[in-house]
Number of protein chains: 2
Amino acid sequence: MISMESDSSRRAVNLADKLSQSDDHWSPRTVAQFNGHDVMVAKVKGEFVWHHHSDTDDLFLVLSGRITIRLRDGDVEMGPGELFVVPVGVEHQPFAANEAEVLLIEPTGTPNTGDEITAARRIVI
Amino acid sequence: MISMESDSSRRAVNLADKLSQSDDHWSPRTVAQFNGHDVMVAKVKGEFVWHHHSDTDDLFLVLSGRITIRLRDGDVEMGPGELFVVPVGVEHQPFAANEAEVLLIEPTGTPNTGDEITAARRIVI
């Protein structure tokens, strides 16, 4: 067993506080790290690009508002306190009609558009 | 890219619904899987055993109520929407004066007491 490195490492992260620090959409901020993954929060609004991740699942937990995870074979509607894991390799397009706040977990260093943008239409992010 | 296996895999998990299915304390229920990890929810009350995990970090997110993660060098107090990752190897004892609800993420198959119970006093769980 080891000791915690510093006093600051002993504080919980308040997700609402972290979210209040930026108004940007689709710009995840890493708030903690866990087993080689980044735990991130983001404000989202509008539609993100269609993409998939070739080597990781993609975890979404809605903190406020509502989002839709569009899949090629249907939509997943999500509200506060709802969680969905997009399995590795599955194309998806996150969408929020109104601003929403989400917690995301992905391996550290994963581009948020995945390894490959699979939409015919690309957007600049 | 691959398709989702079944229609049921396209639904978000409502964490409150899952929590409502059991009144047991310290008995995590797996609600999703993510990159070899179990995403779990649990009701907690009272104190758990001192323990550490030799090969994994331990993620706590409070969904309702308040908990304390006791560490050998101090306590981490947590309320709703607060997240804390106990680093690999660090001894800790979760405690809740009143019932609280938490989301936990650990590698699939991790015993919740860790590999080694480090308290002088063991409890049967």
# chains A, B, ... in the order shown; residues from 1 in each chain; ligands from 1
call {"tool": "residues_around", "arguments": {"residues": "stretch 41-46 of chain B", "least_positions_apart": "6", "cutoff": "10 Å", "atoms": "only C-alpha atoms", "output": "PyMOL selection string"}}
result
chain B and resi 15-16+18-20+22-32+60-67+94-105
call {"tool": "select_by_dssp", "arguments": {"residues": "chain B", "states": "strand (DSSP E)", "output": "PyMOL selection string"}}
result
chain B and resi 13-14+29-34+37-47+51-52+58-64+67-71+74-78+82-86+92-107+116-117
call {"tool": "interface_residues", "arguments": {"of": "chain A", "to": "chain B", "cutoff": "8 Å", "atoms": "only C-alpha atoms", "output": "ChimeraX atom specification"}}
result
/A:1-4,10-16,32-35,52,54,56-59,72-78,81-85,87,89-91
